[in-house]
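Pasting query.txt here (compact mmCIF, C-alpha atoms):
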# COMPACT_ATOMS: atom_id res chain seq x y z
CA MET A 77 0.09 53.22 16.02
CA ASN A 78 2.80 53.89 13.43
CA ARG A 79 1.56 56.50 10.97
CA ASP A 80 3.90 55.17 8.30
CA SER A 81 2.13 51.79 8.46
CA LEU A 82 -1.15 53.35 7.34
CA PRO A 83 -2.07 53.92 3.68
CA TYR A 84 -2.74 57.59 4.48
CA GLU A 85 -0.89 60.13 6.61
CA ALA A 86 -3.27 63.10 6.55
CA LEU A 87 -6.96 63.94 6.48
CA CYS A 88 -8.24 67.20 4.94
CA LEU A 89 -11.73 68.18 6.08
CA ASP A 90 -14.14 70.76 4.73
CA LEU A 91 -16.29 72.48 7.36
CA ASP A 92 -19.82 73.41 6.23
CA GLY A 93 -21.78 70.36 5.16
CA THR A 94 -18.96 68.04 6.23
CA VAL A 95 -17.63 68.55 9.76
CA VAL A 96 -20.43 71.04 10.47
CA ASP A 97 -23.87 69.45 10.11
CA PRO A 98 -27.07 71.09 8.74
CA ASP A 99 -27.85 72.49 12.18
CA GLY A 100 -24.47 74.23 12.33
CA LYS A 101 -23.10 71.82 14.92
CA ILE A 102 -20.23 69.33 15.13
CA ARG A 103 -21.31 65.81 16.04
CA GLU A 104 -19.70 64.43 19.18
CA SER A 105 -18.57 61.31 17.30
CA THR A 106 -16.80 63.51 14.75
CA ARG A 107 -15.06 65.56 17.41
CA ALA A 108 -13.94 62.46 19.33
CA SER A 109 -12.66 60.67 16.21
CA ILE A 110 -10.64 63.69 15.10
CA ALA A 111 -9.07 63.89 18.57
CA ARG A 112 -8.17 60.18 18.50
CA LEU A 113 -6.76 60.51 14.99
CA ARG A 114 -4.47 63.35 16.04
CA GLU A 115 -3.35 61.34 19.07
CA ALA A 116 -2.37 58.59 16.63
CA GLY A 117 -0.11 61.03 14.79
CA VAL A 118 -2.27 61.54 11.70
CA ARG A 119 -2.29 65.11 10.41
CA VAL A 120 -5.76 66.69 10.33
CA MET A 121 -6.08 69.84 8.21
CA ILE A 122 -9.18 72.02 7.91
CA THR A 123 -9.77 73.24 4.36
CA THR A 124 -12.56 75.77 4.18
CA GLY A 125 -14.01 78.59 2.15
CA ARG A 126 -14.61 80.45 5.40
CA SER A 127 -12.56 83.45 6.44
CA VAL A 128 -10.29 83.36 9.50
CA LEU A 129 -13.07 85.01 11.50
CA GLY A 130 -15.52 82.31 10.44
CA THR A 131 -13.07 79.47 11.13
CA GLU A 132 -11.70 80.35 14.57
CA ALA A 133 -14.55 79.03 16.71
CA ILE A 134 -14.75 75.69 14.89
CA VAL A 135 -11.00 75.10 15.08
CA GLU A 136 -11.08 75.95 18.79
CA GLU A 137 -13.97 73.56 19.36
CA LEU A 138 -11.97 70.79 17.65
CA ASP A 139 -8.87 71.77 19.67
CA LEU A 140 -6.73 71.98 16.52
CA ARG A 141 -3.44 73.88 16.57
CA GLU A 142 -2.04 73.03 13.14
CA PRO A 143 -2.35 75.37 10.12
CA ALA A 144 -5.64 75.40 8.20
CA VAL A 145 -6.46 76.47 4.65
CA VAL A 146 -8.96 79.35 4.63
CA PHE A 147 -10.53 81.63 2.00
CA ASN A 148 -10.75 78.66 -0.40
CA GLY A 149 -6.97 78.44 -0.62
CA ALA A 150 -6.04 82.13 -0.59
CA GLY A 151 -4.65 81.83 2.93
CA VAL A 152 -3.02 79.38 5.34
CA TRP A 153 -3.81 80.31 8.92
CA CYS A 154 -2.08 79.10 12.08
CA PRO A 155 -4.45 79.02 15.09
CA LYS A 156 -1.55 78.57 17.50
CA THR A 157 -0.03 81.94 16.61
CA ASP A 158 -3.29 83.43 15.25
CA ARG A 159 -1.66 84.70 12.09
CA LEU A 160 -1.66 83.96 8.41
CA LEU A 161 1.39 82.00 7.32
CA GLU A 162 0.43 82.62 3.70
CA GLU A 163 -1.80 85.39 2.39
CA GLN A 164 -2.72 86.27 -1.17
CA ILE A 165 -4.60 89.46 -2.00
CA LEU A 166 -6.68 90.60 -4.94
CA SER A 167 -5.22 92.99 -7.48
CA GLU A 168 -6.75 96.31 -8.44
CA ARG A 169 -7.44 94.83 -11.89
CA VAL A 170 -9.81 92.38 -10.24
CA VAL A 171 -11.31 94.37 -7.38
CA ASP A 172 -12.34 97.46 -9.35
CA PRO A 173 -14.07 95.61 -12.21
CA VAL A 174 -15.99 93.25 -9.94
CA MET A 175 -17.12 96.08 -7.67
CA ASP A 176 -18.17 98.10 -10.72
CA TYR A 177 -20.08 95.08 -12.04
CA ALA A 178 -21.85 94.65 -8.70
CA ASP A 179 -22.74 98.34 -8.54
CA ALA A 180 -24.07 98.39 -12.10
CA ASN A 181 -26.31 95.37 -11.43
CA ASP A 182 -27.36 96.34 -7.90
CA HIS A 183 -25.84 93.18 -6.42
CA PHE A 184 -25.10 93.07 -2.70
CA VAL A 185 -21.42 92.54 -1.84
CA CYS A 186 -19.19 91.58 1.06
CA VAL A 187 -15.46 92.35 0.99
CA MET A 188 -13.01 90.56 3.26
CA LEU A 189 -9.53 91.30 4.49
CA ALA A 190 -7.47 88.87 6.57
CA GLY A 191 -9.14 89.83 9.84
CA SER A 192 -12.20 91.88 8.93
CA LYS A 193 -15.34 91.83 6.79
CA TYR A 194 -17.30 94.75 5.39
CA VAL A 195 -20.75 95.09 3.84
CA PRO A 196 -22.76 98.10 2.70
CA HIS A 197 -25.89 99.16 4.54
CA PRO A 198 -28.69 96.69 3.77
CA LYS A 199 -31.47 98.10 1.63
CA ASP A 200 -34.23 95.64 2.59
CA ALA A 201 -35.12 92.57 4.64
CA LEU A 202 -33.35 90.16 2.27
CA ASP A 203 -30.06 92.04 2.67
CA GLU A 204 -30.57 92.07 6.43
CA GLN A 205 -31.14 88.31 6.47
CA THR A 206 -27.99 87.84 4.40
CA ILE A 207 -25.69 89.80 6.67
CA ALA A 208 -27.25 88.27 9.81
CA GLY A 209 -25.65 84.93 8.92
CA LEU A 210 -22.23 86.32 8.02
CA GLY A 211 -21.24 87.46 11.51
CA ARG A 212 -18.61 89.87 12.84
CA LEU A 213 -19.20 92.43 10.11
CA GLU A 214 -18.51 96.12 9.79
CA VAL A 215 -21.34 97.94 8.01
CA VAL A 216 -20.30 101.04 6.05
CA ALA A 217 -21.55 103.20 3.21
CA ARG A 218 -21.14 101.40 -0.11
CA GLU A 219 -18.65 103.97 -1.34
CA ASP A 220 -16.54 103.39 1.79
CA LEU A 221 -16.05 99.66 1.25
CA PRO A 222 -12.31 98.87 1.30
CA ARG A 223 -10.69 98.01 -2.03
CA GLU A 224 -7.13 97.32 -0.91
CA TYR A 225 -5.61 94.19 0.69
CA LEU A 226 -8.76 92.18 -0.02
CA MET A 227 -8.66 88.39 0.14
CA ARG A 228 -12.17 87.96 -1.19
CA VAL A 229 -15.06 89.81 -2.77
CA THR A 230 -18.41 88.04 -2.55
CA VAL A 231 -21.21 88.99 -4.94
CA PHE A 232 -24.81 88.10 -4.04
CA SER A 233 -27.43 88.13 -6.80
CA ARG A 234 -31.19 88.04 -6.42
CA SER A 235 -31.74 88.30 -10.19
CA HIS A 236 -30.13 84.98 -11.19
CA GLU A 237 -31.85 81.62 -10.84
CA ALA A 238 -28.56 79.69 -10.84
CA SER A 239 -24.98 80.54 -9.94
CA ASP A 240 -23.42 79.46 -13.26
CA PRO A 241 -24.55 82.49 -15.31
CA LEU A 242 -23.62 84.82 -12.46
CA HIS A 243 -20.17 83.25 -12.41
CA GLU A 244 -19.80 83.78 -16.16
CA GLU A 245 -20.79 87.45 -15.90
CA VAL A 246 -18.41 88.15 -13.02
CA LEU A 247 -15.59 86.31 -14.79
CA ALA A 248 -16.17 88.31 -17.98
CA SER A 249 -15.94 91.58 -16.04
CA LEU A 250 -12.44 90.91 -14.66
CA LYS A 251 -9.28 92.42 -16.11
CA GLY A 252 -6.81 90.31 -14.15
CA PRO A 253 -6.37 86.71 -12.90
CA ALA A 254 -8.53 85.38 -10.08
CA TYR A 255 -9.93 82.14 -8.66
CA LEU A 256 -13.73 82.03 -8.57
CA THR A 257 -16.16 79.73 -6.81
CA HIS A 258 -19.95 79.88 -7.10
CA PHE A 259 -23.00 78.28 -5.50
CA PRO A 260 -26.59 78.87 -4.41
CA LEU A 261 -26.52 80.41 -0.95
CA SER A 262 -29.12 77.87 0.14
CA ILE A 263 -26.46 75.13 0.36
CA LEU A 264 -25.30 76.72 3.64
CA HIS A 265 -27.22 75.66 6.73
CA ALA A 266 -27.95 79.23 7.84
CA TYR A 267 -29.53 80.12 4.49
CA ARG A 268 -31.70 77.14 3.52
CA GLU A 269 -34.54 79.37 2.27
CA SER A 270 -32.39 82.02 0.57
CA PRO A 271 -33.03 82.71 -3.15
CA LEU A 272 -29.60 84.30 -3.61
CA GLN A 273 -26.85 83.06 -5.90
CA VAL A 274 -23.23 83.68 -4.91
CA VAL A 275 -19.84 84.17 -6.53
CA ASP A 276 -16.69 84.37 -4.40
CA VAL A 277 -13.74 86.09 -6.08
CA HIS A 278 -10.32 85.16 -4.66
CA PRO A 279 -6.71 85.84 -5.65
CA PRO A 280 -5.36 83.33 -8.18
CA CYS A 281 -4.56 80.09 -6.34
CA LEU A 282 -5.08 76.33 -6.47
CA GLY A 283 -8.26 76.51 -4.45
CA LYS A 284 -8.44 73.94 -1.67
CA ALA A 285 -5.73 71.97 -3.45
CA GLU A 286 -3.40 74.45 -1.73
CA ALA A 287 -3.77 72.12 1.27
CA LEU A 288 -2.08 69.30 -0.64
CA ARG A 289 0.71 71.63 -1.74
CA TRP A 290 1.24 72.78 1.85
CA LEU A 291 1.26 69.27 3.30
CA GLU A 292 3.85 68.05 0.80
CA ARG A 293 6.11 71.09 0.91
CA GLU A 294 5.96 71.91 4.61
CA GLU A 295 5.25 68.53 6.23
CA GLY A 296 6.60 66.03 3.73
CA ILE A 297 3.26 64.28 3.18
CA PRO A 298 2.69 63.45 -0.49
CA ALA A 299 -0.74 64.02 -2.00
CA ALA A 300 -1.12 60.29 -2.64
CA ARG A 301 -1.20 59.75 1.14
CA VAL A 302 -3.90 62.35 1.85
CA VAL A 303 -7.66 61.77 2.21
CA CYS A 304 -9.88 64.77 1.38
CA VAL A 305 -13.52 65.00 2.46
CA GLY A 306 -16.01 67.63 1.32
CA ASP A 307 -19.47 68.28 -0.03
CA ALA A 308 -19.39 71.06 -2.63
CA THR A 309 -17.90 72.20 -5.90
CA ASN A 310 -15.20 74.21 -4.11
CA ASP A 311 -13.88 70.88 -2.79
CA ILE A 312 -13.26 69.49 -6.28
CA PRO A 313 -9.73 70.96 -6.64
CA MET A 314 -8.56 69.05 -3.57
CA PHE A 315 -10.50 65.96 -4.68
CA GLU A 316 -8.54 65.96 -7.93
CA ALA A 317 -5.19 66.13 -6.11
CA ALA A 318 -5.87 63.71 -3.23
CA GLY A 319 -4.92 60.08 -2.84
CA LEU A 320 -8.55 59.43 -1.87
CA SER A 321 -11.44 61.86 -2.31
CA VAL A 322 -14.65 61.40 -0.34
CA ALA A 323 -17.93 63.29 -0.83
CA MET A 324 -20.75 63.63 1.66
CA GLY A 325 -23.97 61.88 0.67
CA ASP A 326 -26.03 65.05 1.08
CA GLY A 327 -23.53 67.17 -0.85
CA MET A 328 -23.73 68.81 -4.26
CA PRO A 329 -24.13 66.37 -7.18
CA GLU A 330 -21.00 67.73 -8.86
CA ALA A 331 -18.92 66.98 -5.77
CA MET A 332 -20.27 63.46 -5.50
CA ALA A 333 -19.53 62.84 -9.18
CA ALA A 334 -15.94 64.06 -8.75
CA ALA A 335 -15.16 61.97 -5.65
CA ASP A 336 -13.67 58.49 -5.49
CA ARG A 337 -16.40 57.47 -3.08
CA VAL A 338 -19.52 58.83 -1.40
CA ILE A 339 -20.35 58.29 2.27
CA GLY A 340 -23.33 59.17 4.46
CA ALA A 341 -24.96 62.50 5.18
CA SER A 342 -23.43 65.18 7.38
CA ASP A 343 -26.06 64.71 10.10
CA THR A 344 -24.91 61.14 10.76
CA ASP A 345 -21.81 59.54 12.30
CA THR A 346 -20.34 58.95 8.85
CA ILE A 347 -17.13 60.97 9.41
CA SER A 348 -16.33 58.97 12.52
CA GLU A 349 -17.06 55.74 10.65
CA LEU A 350 -14.80 56.78 7.78
CA ILE A 351 -11.95 57.59 10.17
CA GLY A 352 -12.37 54.22 11.85
CA GLU A 353 -12.34 52.41 8.51
CA LEU A 354 -9.36 54.19 6.93
CA PHE A 355 -7.19 54.82 9.97
CA GLY A 356 -8.22 52.10 12.43
CA VAL A 357 -9.23 54.68 15.03
CA SER A 358 -12.37 54.02 17.08
CA VAL A 359 -14.14 55.97 19.81
For the structure just supplied, provide its representation as structure tokens.
Amino acid sequence: MNRDSLPYEALCLDLDGTVVDPDGKIRESTRASIARLREAGVRVMITTGRSVLGTEAIVEELDLREPAVVFNGAGVWCPKTDRLLEEQILSERVVDPVMDYADANDHFVCVMLAGSKYVPHPKDALDEQTIAGLGRLEVVAREDLPREYLMRVTVFSRSHEASDPLHEEVLASLKGPAYLTHFPLSILHAYRESPLQVVDVHPPCLGKAEALRWLEREEGIPAARVVCVGDATNDIPMFEAAGLSVAMGDGMPEAMAAADRVIGASDTDTISELIGELFGVSV
């Protein structure tokens, strides 16, 4: 197959709720179709809000070696060399105000560096349930949480009924530029019953649209020849830049509204079917 003969040269894939189904697994049809697509010379790029630590196992399972966008665009990570090719960090004018806001409102937090994650000691069962799903954490006293070289600060609220007002409060607290995403924690498969609302605070960036920038600058693939697939509001920046944007049928309503088309749910063979339709690759 000649990649240049296809209408698209690259496929950007979100993980949770897209490649990773509600049970936290990758469907065999998805894995096989991605492998066939790469054999055909089509570039497959993971674009995720996960940290490097949260992305490694999935990328290994998919046998990908090309760079992936992590931290919602704040980093580009190469699994082959296991290092960040690009890394943006939060300024003091963002970290200090958001941490002060979280302290003043008794919100739980998680702070992330390129290769490590820290949380304070949990104060009750809800905090314990929250950190149980985060994985590979270092638990320290709240006053000992790192504040330098951070790629993300996550604020968890149990006092908000929706993430929008939490987002507005966190945004109003900042004294410097940042890129924020927000969502109910229950959209993640490991937290279906969680009442928590979440805001992720990242360094200023294009969000997942950084994947389109990388593909054009580093690999010569224009955005018009890229398909992006996702399920949540943090996928909208790449949807807006892509040649074709595709939302999962069990995704967030805002993501489905922003996409060019909507396919099946993440617990079906819909990703494999999409790859077969757009790229002529079957398994």
Take every atom of range 216-235 of chain A listed in the file, fit an axis-aligned box around them, add 5 Å per side, and give the centre and edge lengths in Å to one decimal as lines of an AutoDock Vina configuration file.
center_x = -18.7
center_y = 96.0
center_z = -2.1
size_x = 36.1
size_y = 26.0
size_z = 26.2
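Between CA of Ala300 in chain A and CA of Ala116 in chain A there is a distance of 19.4 Å.
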Distance query Leu160 in chain A at most 12 Å, all atoms listed in the file, self and fewer than 2 positions along chain excluded, as a list in words: Ser127, Val128, Leu129, Glu142, Pro143, Ala144, Val145, Val146, Phe147, Gly149, Ala150, Gly151, Val152, Trp153, Cys154, Pro155, Lys156, Thr157, Asp158, Glu162, Glu163, Gln164, Leu189, Ala190, Gly191 and Met227 of chain A
Selection near range 238-242 of chain A, 9 Å with only C-alpha atoms, sequence-local residues under 4 positions removed, as a PyMOL selection string: chain A and resi 231+233+246-247+258-260+272-275
Nearby residues (all atoms listed in the file) at most 6 Å from range 334-350 of chain A, same-chain spacing under 3 positions excluded, as a list of chain:residue names: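 The neighbour list is A:Gly93, A:Thr94, A:Asp97, A:Ser105, A:Thr106, A:Ser109, A:Ser321, A:Val322, A:Ala323, A:Met324, A:Gly325, A:Asp326, A:Ala331, A:Glu353.
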Gap from CA of Asp90 in chain A to CA of Leu210 in chain A - Å, one decimal: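 Straight-line distance from CA of Asp90 in chain A to CA of Leu210 in chain A works out to 17.8 Å.
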Non-local contacts of Asp92 in chain A (12 Å; all atoms listed in the file; under 3 positions in same chain excluded) as a PyMOL selection string: chain A and resi 89+95-102+122-126+130-131+134+262-267+305-308+310-311+324+326-327+342-343
Distance of CA of Glu132 in chain A from CA of Phe315 in chain A, expressed in Å to one decimal place: 24.1 Å
Option closest in space to Ala318 in chain A, from A:Met175, A:Ala333, A:Leu140, A:Ala285 [counting all atoms listed in the file]: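 When distances to Ala318 in chain A are compared using all atoms listed in the file, the smallest one comes from A:Ala285.
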Best match for closeness to Arg107 in chain A among A:Arg234, A:Ile351, A:Ser167, A:Ala178, counting all atoms listed in the file: A:Ile351
Of the listed residues A:Ile110, A:Ala317, A:Leu250, A:Ala86, that which approaches Gly352 in chain A most closely, counting only C-alpha atoms: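 For Gly352 in chain A, the nearest of the candidates is A:Ile110.
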Contacts of Asp176 in chain A at 12 Å (all atoms listed in the file; same-chain gap of 6+ positions) as a PyMOL selection string: chain A and resi 168-170+182-185+218-219+223+229+231+246+249-251
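Among the candidates A:Leu161, A:Cys186, A:Ala254, A:Val135, the one nearest to Cys281 in chain A when counting all atoms listed in the file is A:Ala254.
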Among the residues A:Asp200, A:Glu237, A:Glu85, A:Glu136, the one that comes closest to Pro271 in chain A [using all atoms listed in the file]: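 Ranked by minimum distance to Pro271 in chain A, first place goes to A:Glu237.
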